[in-house]
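Raw start.cif, mmCIF, C-alpha atoms:
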```cif
data_start
#
loop_
_atom_site.group_PDB
_atom_site.id
_atom_site.type_symbol
_atom_site.label_atom_id
_atom_site.label_comp_id
_atom_site.auth_asym_id
_atom_site.auth_seq_id
_atom_site.Cartn_x
_atom_site.Cartn_y
_atom_site.Cartn_z
ATOM 1 C CA MET A 1 34.520 -59.955 20.662
ATOM 2 C CA GLN A 2 35.909 -63.401 21.259
ATOM 3 C CA ALA A 3 37.539 -65.113 18.276
ATOM 4 C CA ARG A 4 35.919 -68.183 16.782
ATOM 5 C CA THR A 5 37.528 -71.047 14.908
ATOM 6 C CA PRO A 6 36.766 -72.180 11.356
ATOM 7 C CA GLU A 7 35.536 -75.482 12.804
ATOM 8 C CA GLU A 8 32.781 -73.626 14.666
ATOM 9 C CA SER A 9 31.391 -72.433 11.324
ATOM 10 C CA LYS A 10 31.761 -75.748 9.506
ATOM 11 C CA THR A 11 28.678 -76.619 7.507
ATOM 12 C CA ILE A 12 28.129 -79.858 5.620
ATOM 13 C CA LEU A 13 25.254 -80.328 3.181
ATOM 14 C CA THR A 14 24.838 -83.747 1.570
ATOM 15 C CA ASP A 15 22.281 -84.427 -1.131
ATOM 16 C CA LEU A 16 21.493 -86.570 -4.154
ATOM 17 C CA VAL A 17 21.599 -85.301 -7.750
ATOM 18 C CA LEU A 18 18.083 -85.697 -9.173
ATOM 19 C CA PRO A 19 16.993 -85.729 -12.854
ATOM 20 C CA SER A 20 15.385 -82.262 -12.675
ATOM 21 C CA GLU A 21 18.785 -80.807 -11.596
ATOM 22 C CA THR A 22 20.790 -82.072 -14.559
ATOM 23 C CA ASN A 23 21.746 -80.801 -18.004
ATOM 24 C CA PRO A 24 21.395 -82.747 -21.294
ATOM 25 C CA LEU A 25 24.607 -84.650 -20.428
ATOM 26 C CA ASN A 26 22.978 -85.854 -17.176
ATOM 27 C CA ASN A 27 25.378 -83.835 -15.035
ATOM 28 C CA LEU A 28 24.407 -81.430 -12.278
ATOM 29 C CA PHE A 29 23.662 -77.931 -13.589
ATOM 30 C CA GLY A 30 26.404 -75.481 -12.590
ATOM 31 C CA GLY A 31 23.753 -73.069 -11.317
ATOM 32 C CA GLU A 32 22.294 -75.749 -9.064
ATOM 33 C CA LEU A 33 25.724 -76.391 -7.585
ATOM 34 C CA LEU A 34 26.233 -72.630 -7.096
ATOM 35 C CA ALA A 35 22.942 -72.457 -5.176
ATOM 36 C CA ARG A 36 23.949 -75.382 -2.948
ATOM 37 C CA MET A 37 27.318 -73.755 -2.274
ATOM 38 C CA ASP A 38 25.617 -70.426 -1.497
ATOM 39 C CA ARG A 39 23.318 -72.081 1.052
ATOM 40 C CA ALA A 40 26.189 -73.881 2.791
ATOM 41 C CA ALA A 41 28.328 -70.721 2.806
ATOM 42 C CA SER A 42 25.421 -68.701 4.186
ATOM 43 C CA ILE A 43 25.006 -71.091 7.104
ATOM 44 C CA ALA A 44 28.767 -71.063 7.802
ATOM 45 C CA ALA A 45 28.815 -67.243 7.756
ATOM 46 C CA ARG A 46 25.824 -67.053 10.064
ATOM 47 C CA ARG A 47 27.385 -69.552 12.477
ATOM 48 C CA HIS A 48 30.504 -67.407 12.680
ATOM 49 C CA SER A 49 28.855 -63.998 12.940
ATOM 50 C CA ARG A 50 25.603 -64.953 14.684
ATOM 51 C CA ARG A 51 24.006 -62.257 12.534
ATOM 52 C CA ILE A 52 21.959 -61.952 9.366
ATOM 53 C CA VAL A 53 24.322 -62.464 6.425
ATOM 54 C CA VAL A 54 24.128 -61.595 2.750
ATOM 55 C CA THR A 55 26.159 -62.822 -0.182
ATOM 56 C CA ALA A 56 28.524 -60.036 -1.261
ATOM 57 C CA SER A 57 30.415 -61.850 -4.002
ATOM 58 C CA VAL A 58 31.378 -65.131 -5.533
ATOM 59 C CA ASN A 59 35.122 -64.675 -5.810
ATOM 60 C CA HIS A 60 36.175 -67.961 -7.313
ATOM 61 C CA VAL A 61 34.461 -71.077 -8.617
ATOM 62 C CA ALA A 62 36.205 -74.044 -10.179
ATOM 63 C CA PHE A 63 34.060 -76.676 -11.874
ATOM 64 C CA ASN A 64 36.815 -79.284 -12.016
ATOM 65 C CA LYS A 65 34.752 -82.436 -12.327
ATOM 66 C CA ALA A 66 31.270 -83.182 -13.620
ATOM 67 C CA VAL A 67 28.773 -84.381 -11.030
ATOM 68 C CA PRO A 68 26.623 -87.102 -12.631
ATOM 69 C CA LEU A 69 22.951 -87.867 -12.106
ATOM 70 C CA GLY A 70 22.413 -90.025 -9.026
ATOM 71 C CA SER A 71 25.630 -88.907 -7.342
ATOM 72 C CA VAL A 72 25.834 -88.163 -3.653
ATOM 73 C CA VAL A 73 27.255 -84.631 -3.397
ATOM 74 C CA THR A 74 28.668 -83.125 -0.211
ATOM 75 C CA VAL A 75 29.270 -79.389 0.099
ATOM 76 C CA GLU A 76 31.582 -78.392 2.977
ATOM 77 C CA ALA A 77 31.891 -74.717 3.908
ATOM 78 C CA LYS A 78 33.994 -72.954 6.550
ATOM 79 C CA VAL A 79 34.861 -69.350 7.267
ATOM 80 C CA SER A 80 38.458 -68.887 6.100
ATOM 81 C CA ARG A 81 38.913 -65.256 7.211
ATOM 82 C CA ALA A 82 36.877 -62.656 9.078
ATOM 83 C CA PHE A 83 37.391 -58.958 8.429
ATOM 84 C CA LYS A 84 35.429 -56.046 9.950
ATOM 85 C CA SER A 85 31.945 -57.030 8.769
ATOM 86 C CA SER A 86 32.767 -59.361 5.893
ATOM 87 C CA MET A 87 34.002 -62.901 5.877
ATOM 88 C CA GLU A 88 35.456 -65.188 3.252
ATOM 89 C CA ILE A 89 33.958 -68.673 3.069
ATOM 90 C CA TYR A 90 35.953 -71.482 1.456
ATOM 91 C CA ILE A 91 33.843 -74.268 -0.014
ATOM 92 C CA ASP A 92 34.905 -77.778 -1.022
ATOM 93 C CA VAL A 93 32.560 -80.004 -3.033
ATOM 94 C CA TRP A 94 32.933 -83.764 -2.847
ATOM 95 C CA VAL A 95 31.300 -86.509 -4.881
ATOM 96 C CA GLU A 96 31.003 -90.132 -3.763
ATOM 97 C CA ASP A 97 31.818 -92.982 -6.107
ATOM 98 C CA ARG A 98 28.646 -95.052 -6.413
ATOM 99 C CA GLU A 99 30.429 -98.388 -6.200
ATOM 100 C CA SER A 100 33.351 -97.834 -3.830
ATOM 101 C CA GLY A 101 31.873 -95.064 -1.697
ATOM 102 C CA LYS A 102 35.185 -93.166 -1.924
ATOM 103 C CA ARG A 103 34.950 -89.390 -2.010
ATOM 104 C CA SER A 104 36.802 -87.250 -4.517
ATOM 105 C CA LYS A 105 36.973 -83.481 -4.745
ATOM 106 C CA ALA A 106 34.826 -82.259 -7.613
ATOM 107 C CA ASN A 107 34.745 -78.487 -7.178
ATOM 108 C CA GLU A 108 35.665 -75.588 -4.931
ATOM 109 C CA ALA A 109 34.612 -72.014 -4.482
ATOM 110 C CA ILE A 110 35.242 -68.900 -2.417
ATOM 111 C CA TYR A 111 32.330 -66.681 -1.429
ATOM 112 C CA THR A 112 32.274 -63.422 0.526
ATOM 113 C CA PHE A 113 29.449 -62.646 2.943
ATOM 114 C CA VAL A 114 28.675 -59.523 4.955
ATOM 115 C CA ALA A 115 26.980 -59.556 8.340
ATOM 116 C CA VAL A 116 24.196 -56.986 8.645
ATOM 117 C CA ASP A 117 21.610 -55.820 11.145
ATOM 118 C CA GLU A 118 17.845 -55.801 10.565
ATOM 119 C CA THR A 119 18.136 -52.635 8.453
ATOM 120 C CA GLY A 120 20.837 -54.080 6.197
ATOM 121 C CA THR A 121 23.655 -52.031 7.745
ATOM 122 C CA PRO A 122 26.977 -53.907 8.044
ATOM 123 C CA VAL A 123 27.930 -54.873 11.597
ATOM 124 C CA ASN A 124 31.201 -55.920 13.206
ATOM 125 C CA ILE A 125 31.911 -59.633 13.504
ATOM 126 C CA PRO A 126 34.237 -61.726 15.673
ATOM 127 C CA PRO A 127 37.777 -62.397 14.474
ATOM 128 C CA LEU A 128 38.755 -65.840 13.234
ATOM 129 C CA GLN A 129 41.426 -67.995 14.848
ATOM 130 C CA PRO A 130 42.603 -70.685 12.407
ATOM 131 C CA GLU A 131 43.905 -73.884 13.969
ATOM 132 C CA THR A 132 44.965 -76.432 11.343
ATOM 133 C CA GLU A 133 47.703 -75.920 8.763
ATOM 134 C CA LEU A 134 45.128 -75.785 5.946
ATOM 135 C CA GLU A 135 43.039 -73.246 7.864
ATOM 136 C CA LYS A 136 46.145 -71.096 8.382
ATOM 137 C CA GLN A 137 47.028 -71.266 4.670
ATOM 138 C CA ARG A 138 43.507 -70.287 3.649
ATOM 139 C CA TYR A 139 43.469 -67.512 6.276
ATOM 140 C CA ASP A 140 46.701 -65.979 4.930
ATOM 141 C CA ALA A 141 45.602 -66.336 1.302
ATOM 142 C CA ALA A 142 42.282 -64.613 2.042
ATOM 143 C CA LEU A 143 44.043 -61.338 2.860
ATOM 144 C CA ARG A 144 45.951 -61.470 -0.434
ATOM 145 C CA ARG A 145 42.701 -62.110 -2.317
ATOM 146 C CA LYS A 146 41.020 -59.185 -0.528
ATOM 147 C CA GLN A 147 43.913 -56.846 -1.321
ATOM 148 C CA LEU A 148 43.892 -57.922 -4.972
ATOM 149 C CA SER A 149 40.156 -57.300 -5.158
ATOM 150 C CA LEU A 150 40.544 -53.837 -3.606
ATOM 151 C CA VAL A 151 43.403 -52.927 -5.969
ATOM 152 C CA LEU A 152 41.428 -54.069 -9.028
ATOM 153 C CA ALA A 153 38.387 -52.090 -7.845
ATOM 154 C CA GLY A 154 40.519 -48.979 -7.392
ATOM 155 C CA LYS A 155 39.855 -48.920 -3.642
ATOM 156 C CA MET A 156 43.484 -49.598 -2.660
ATOM 157 C CA LYS A 157 46.720 -48.337 -4.107
ATOM 158 C CA PRO A 158 48.961 -51.178 -5.317
ATOM 159 C CA ALA A 159 51.765 -49.781 -3.144
ATOM 160 C CA ASP A 160 49.584 -50.344 -0.066
ATOM 161 C CA ALA A 161 48.904 -54.008 -0.865
ATOM 162 C CA THR A 162 51.626 -55.285 1.449
ATOM 163 C CA GLU A 163 50.608 -58.955 1.352
ATOM 164 C CA LEU A 164 50.536 -58.973 -2.438
ATOM 165 C CA LYS A 165 53.875 -57.225 -2.701
ATOM 166 C CA ALA A 166 55.406 -59.802 -0.344
ATOM 167 C CA LEU A 167 54.727 -62.491 -2.960
ATOM 168 C CA PHE A 168 57.177 -60.828 -5.338
ATOM 169 C CA VAL A 169 60.005 -59.990 -2.941
ATOM 170 C CA ASN A 170 62.881 -62.456 -2.773
#
```
Kindly return the structure encoded in the file as structure tokens.
Amino acid sequence: MQARTPEESKTILTDLVLPSETNPLNNLFGGELLARMDRAASIAARRHSRRIVVTASVNHVAFNKAVPLGSVVTVEAKVSRAFKSSMEIYIDVWVEDRESGKRSKANEAIYTFVAVDETGTPVNIPPLQPETELEKQRYDAALRRKQLSLVLAGKMKPADATELKALFVN
């Protein structure tokens, strides 16, 4: 299979925060933002794999900044690493200032998707070839996150987590 770049999976969803999507403080519900991130990540995963994809896990979510009613919210998702049938999707969430139009980062998340066939059986996917410095950093970090997840789940011995161990060697 020919490698694909993160840019080929890039997905951008832009939308307005409406009153029915806000909490009593008039900020976007966290669950609504999670759903938007899941949709963007799903599209990015499908663009990379060209297969049916399912959400396997939400590995990290940081709600760093409230997203107020009426805000323009942009969710950007890209594949950060492809494994055998799974892929990590890194998501950045931006909010536009109503007066200046400047964007600031509000949130981020990391989702894992698995490509499957019509019966739900995992299928192989193309490798990922990162290009930019940020893509390379996220690509390298994805393997450490996967190893940590496998160690914590008891599916990998800590001694075999070479990328994690490398963090602690001088």
*Expand the PyMOL selection byres ((chain A and resi 142-154) around 10) into the individual residues it matches in the shown file, reporting them as number ranges by chain.*
A: 59, 80-83, 87-90, 110, 112, 136-141, 155-167
_Matched chain/residue IDs from the PyMOL selection byres ((chain A and resi 131) around 12), as a VMD selection string_ = chain A and resid 3 to 8 80 128 to 130 132 to 139
Restricted to C-alpha atoms, what would the selected residues look like written as an mmCIF file, keeping the file's coordinate frame?
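Below is the file part04.cif, written as the result:
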```
data_model
loop_
_atom_site.group_PDB
_atom_site.id
_atom_site.type_symbol
_atom_site.label_atom_id
_atom_site.label_comp_id
_atom_site.auth_asym_id
_atom_site.auth_seq_id
_atom_site.Cartn_x
_atom_site.Cartn_y
_atom_site.Cartn_z
ATOM 1 C CA ALA A 3 37.539 -65.113 18.276
ATOM 2 C CA ARG A 4 35.919 -68.183 16.782
ATOM 3 C CA THR A 5 37.528 -71.047 14.908
ATOM 4 C CA PRO A 6 36.766 -72.180 11.356
ATOM 5 C CA GLU A 7 35.536 -75.482 12.804
ATOM 6 C CA GLU A 8 32.781 -73.626 14.666
ATOM 7 C CA SER A 80 38.458 -68.887 6.100
ATOM 8 C CA LEU A 128 38.755 -65.840 13.234
ATOM 9 C CA GLN A 129 41.426 -67.995 14.848
ATOM 10 C CA PRO A 130 42.603 -70.685 12.407
ATOM 11 C CA THR A 132 44.965 -76.432 11.343
ATOM 12 C CA GLU A 133 47.703 -75.920 8.763
ATOM 13 C CA LEU A 134 45.128 -75.785 5.946
ATOM 14 C CA GLU A 135 43.039 -73.246 7.864
ATOM 15 C CA LYS A 136 46.145 -71.096 8.382
ATOM 16 C CA GLN A 137 47.028 -71.266 4.670
ATOM 17 C CA ARG A 138 43.507 -70.287 3.649
ATOM 18 C CA TYR A 139 43.469 -67.512 6.276
#
```
*How many Å separate atom CA of Ala77 of chain A from atom CA of Met1 of chain A?*
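Rounded to one decimal, the two atoms are 22.5 Å apart.
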*Hey, what's within 10 Å of Ile52 of chain A if we count all atoms listed in the file and toss same-chain stuff fewer than 4 positions away? As a ChimeraX atom specification, please?*
/A:42-43,45-47,113-118,120,122-123
_Spatial neighbours of Thr11 of chain A, 8 Å, only C-alpha atoms, chain gap at least 6 places, as a PyMOL selection string_ = chain A and resi 40-41+43-44+75-78
*Can you give me, as a list in words, the residues this file yields under the PyMOL selection byres ((chain A and resi 108) around 6)?*
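Selected by the PyMOL selection byres ((chain A and resi 108) around 6) in this file: Val61, Ala62, Ile91, Asp92, Val93, Asn107 and Ala109 of chain A.
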*May I ask which of the residues A:Ala35, A:Ser49, A:Val169, A:Val95 is the closest one to Asn64 of chain A, counting all atoms listed in the file?*
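Closest to Asn64 of chain A, using all atoms listed in the file: A:Val95.
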Counting all atoms listed in the file, which residues of segment 39-68 of chain A fall within 10 Å of segment 124-127 of chain A, and what is the closest atom pair for each with its distance in Å at one decimal, ordered by chain and rising number, as CSV?
```
residue,atom,partner,partner_atom,distance
A:His48,CA,A:Pro126,CA,7.4
A:Ser49,CA,A:Ile125,CA,5.4
A:Arg50,CA,A:Ile125,CA,8.3
A:Arg51,CA,A:Ile125,CA,8.4
```
Kindly output segment 110-140 of chain A as a PDB file, in the frame of the given file, after building N, CA and C atoms.
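Full text of out_15.pdb as output:
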```
ATOM      1  N   ILE A 110      35.020 -69.865  -3.493  1.00  0.00           N
ATOM      2  CA  ILE A 110      35.242 -68.900  -2.417  1.00  0.00           C
ATOM      3  C   ILE A 110      34.160 -67.832  -2.534  1.00  0.00           C
ATOM      4  N   TYR A 111      33.392 -67.669  -1.478  1.00  0.00           N
ATOM      5  CA  TYR A 111      32.330 -66.681  -1.429  1.00  0.00           C
ATOM      6  C   TYR A 111      32.687 -65.650  -0.361  1.00  0.00           C
ATOM      7  N   THR A 112      32.150 -64.447  -0.510  1.00  0.00           N
ATOM      8  CA  THR A 112      32.274 -63.422   0.526  1.00  0.00           C
ATOM      9  C   THR A 112      30.873 -63.051   1.001  1.00  0.00           C
ATOM     10  N   PHE A 113      30.711 -63.033   2.314  1.00  0.00           N
ATOM     11  CA  PHE A 113      29.449 -62.646   2.943  1.00  0.00           C
ATOM     12  C   PHE A 113      29.689 -61.447   3.836  1.00  0.00           C
ATOM     13  N   VAL A 114      28.633 -60.657   4.043  1.00  0.00           N
ATOM     14  CA  VAL A 114      28.675 -59.523   4.955  1.00  0.00           C
ATOM     15  C   VAL A 114      27.587 -59.725   5.999  1.00  0.00           C
ATOM     16  N   ALA A 115      27.951 -59.496   7.250  1.00  0.00           N
ATOM     17  CA  ALA A 115      26.980 -59.556   8.340  1.00  0.00           C
ATOM     18  C   ALA A 115      26.289 -58.196   8.441  1.00  0.00           C
ATOM     19  N   VAL A 116      24.976 -58.225   8.591  1.00  0.00           N
ATOM     20  CA  VAL A 116      24.196 -56.986   8.645  1.00  0.00           C
ATOM     21  C   VAL A 116      23.181 -57.052   9.788  1.00  0.00           C
ATOM     22  N   ASP A 117      22.693 -55.866  10.159  1.00  0.00           N
ATOM     23  CA  ASP A 117      21.610 -55.820  11.145  1.00  0.00           C
ATOM     24  C   ASP A 117      20.267 -55.881  10.416  1.00  0.00           C
ATOM     25  N   GLU A 118      19.192 -55.679  11.140  1.00  0.00           N
ATOM     26  CA  GLU A 118      17.845 -55.801  10.565  1.00  0.00           C
ATOM     27  C   GLU A 118      17.547 -54.747   9.510  1.00  0.00           C
ATOM     28  N   THR A 119      18.348 -53.676   9.461  1.00  0.00           N
ATOM     29  CA  THR A 119      18.136 -52.635   8.453  1.00  0.00           C
ATOM     30  C   THR A 119      19.068 -52.817   7.249  1.00  0.00           C
ATOM     31  N   GLY A 120      19.904 -53.841   7.294  1.00  0.00           N
ATOM     32  CA  GLY A 120      20.837 -54.080   6.197  1.00  0.00           C
ATOM     33  C   GLY A 120      22.165 -53.355   6.345  1.00  0.00           C
ATOM     34  N   THR A 121      22.400 -52.747   7.496  1.00  0.00           N
ATOM     35  CA  THR A 121      23.655 -52.031   7.745  1.00  0.00           C
ATOM     36  C   THR A 121      24.722 -53.019   8.221  1.00  0.00           C
ATOM     37  N   PRO A 122      25.911 -52.988   7.608  1.00  0.00           N
ATOM     38  CA  PRO A 122      26.977 -53.907   8.044  1.00  0.00           C
ATOM     39  C   PRO A 122      27.302 -53.731   9.526  1.00  0.00           C
ATOM     40  N   VAL A 123      27.586 -54.864  10.171  1.00  0.00           N
ATOM     41  CA  VAL A 123      27.930 -54.873  11.597  1.00  0.00           C
ATOM     42  C   VAL A 123      29.255 -55.602  11.800  1.00  0.00           C
ATOM     43  N   ASN A 124      29.933 -55.266  12.882  1.00  0.00           N
ATOM     44  CA  ASN A 124      31.201 -55.920  13.206  1.00  0.00           C
ATOM     45  C   ASN A 124      30.974 -57.385  13.555  1.00  0.00           C
ATOM     46  N   ILE A 125      31.987 -58.198  13.227  1.00  0.00           N
ATOM     47  CA  ILE A 125      31.911 -59.633  13.504  1.00  0.00           C
ATOM     48  C   ILE A 125      33.150 -60.069  14.283  1.00  0.00           C
ATOM     49  N   PRO A 126      33.079 -61.238  14.922  1.00  0.00           N
ATOM     50  CA  PRO A 126      34.237 -61.726  15.673  1.00  0.00           C
ATOM     51  C   PRO A 126      35.404 -62.066  14.749  1.00  0.00           C
ATOM     52  N   PRO A 127      36.622 -61.959  15.258  1.00  0.00           N
ATOM     53  CA  PRO A 127      37.777 -62.397  14.474  1.00  0.00           C
ATOM     54  C   PRO A 127      37.789 -63.923  14.343  1.00  0.00           C
ATOM     55  N   LEU A 128      38.621 -64.400  13.451  1.00  0.00           N
ATOM     56  CA  LEU A 128      38.755 -65.840  13.234  1.00  0.00           C
ATOM     57  C   LEU A 128      40.132 -66.292  13.711  1.00  0.00           C
ATOM     58  N   GLN A 129      40.168 -67.419  14.378  1.00  0.00           N
ATOM     59  CA  GLN A 129      41.426 -67.995  14.848  1.00  0.00           C
ATOM     60  C   GLN A 129      41.623 -69.353  14.178  1.00  0.00           C
ATOM     61  N   PRO A 130      42.389 -69.393  13.074  1.00  0.00           N
ATOM     62  CA  PRO A 130      42.603 -70.685  12.407  1.00  0.00           C
ATOM     63  C   PRO A 130      43.443 -71.607  13.276  1.00  0.00           C
ATOM     64  N   GLU A 131      43.200 -72.911  13.137  1.00  0.00           N
ATOM     65  CA  GLU A 131      43.905 -73.884  13.969  1.00  0.00           C
ATOM     66  C   GLU A 131      44.771 -74.844  13.150  1.00  0.00           C
ATOM     67  N   THR A 132      44.210 -75.444  12.117  1.00  0.00           N
ATOM     68  CA  THR A 132      44.965 -76.432  11.343  1.00  0.00           C
ATOM     69  C   THR A 132      45.869 -75.739  10.327  1.00  0.00           C
ATOM     70  N   GLU A 133      46.806 -76.483   9.774  1.00  0.00           N
ATOM     71  CA  GLU A 133      47.703 -75.920   8.763  1.00  0.00           C
ATOM     72  C   GLU A 133      46.919 -75.425   7.545  1.00  0.00           C
ATOM     73  N   LEU A 134      45.946 -76.201   7.091  1.00  0.00           N
ATOM     74  CA  LEU A 134      45.128 -75.785   5.946  1.00  0.00           C
ATOM     75  C   LEU A 134      44.340 -74.519   6.276  1.00  0.00           C
ATOM     76  N   GLU A 135      43.775 -74.450   7.460  1.00  0.00           N
ATOM     77  CA  GLU A 135      43.039 -73.246   7.864  1.00  0.00           C
ATOM     78  C   GLU A 135      43.952 -72.030   7.891  1.00  0.00           C
ATOM     79  N   LYS A 136      45.185 -72.206   8.348  1.00  0.00           N
ATOM     80  CA  LYS A 136      46.145 -71.096   8.382  1.00  0.00           C
ATOM     81  C   LYS A 136      46.532 -70.656   6.971  1.00  0.00           C
ATOM     82  N   GLN A 137      46.701 -71.605   6.066  1.00  0.00           N
ATOM     83  CA  GLN A 137      47.028 -71.266   4.670  1.00  0.00           C
ATOM     84  C   GLN A 137      45.884 -70.488   4.032  1.00  0.00           C
ATOM     85  N   ARG A 138      44.671 -70.962   4.226  1.00  0.00           N
ATOM     86  CA  ARG A 138      43.507 -70.287   3.649  1.00  0.00           C
ATOM     87  C   ARG A 138      43.307 -68.908   4.288  1.00  0.00           C
ATOM     88  N   TYR A 139      43.574 -68.787   5.561  1.00  0.00           N
ATOM     89  CA  TYR A 139      43.469 -67.512   6.276  1.00  0.00           C
ATOM     90  C   TYR A 139      44.440 -66.493   5.676  1.00  0.00           C
ATOM     91  N   ASP A 140      45.697 -66.879   5.502  1.00  0.00           N
ATOM     92  CA  ASP A 140      46.701 -65.979   4.930  1.00  0.00           C
ATOM     93  C   ASP A 140      46.357 -65.604   3.491  1.00  0.00           C
TER      94      ASP A 140
END
```
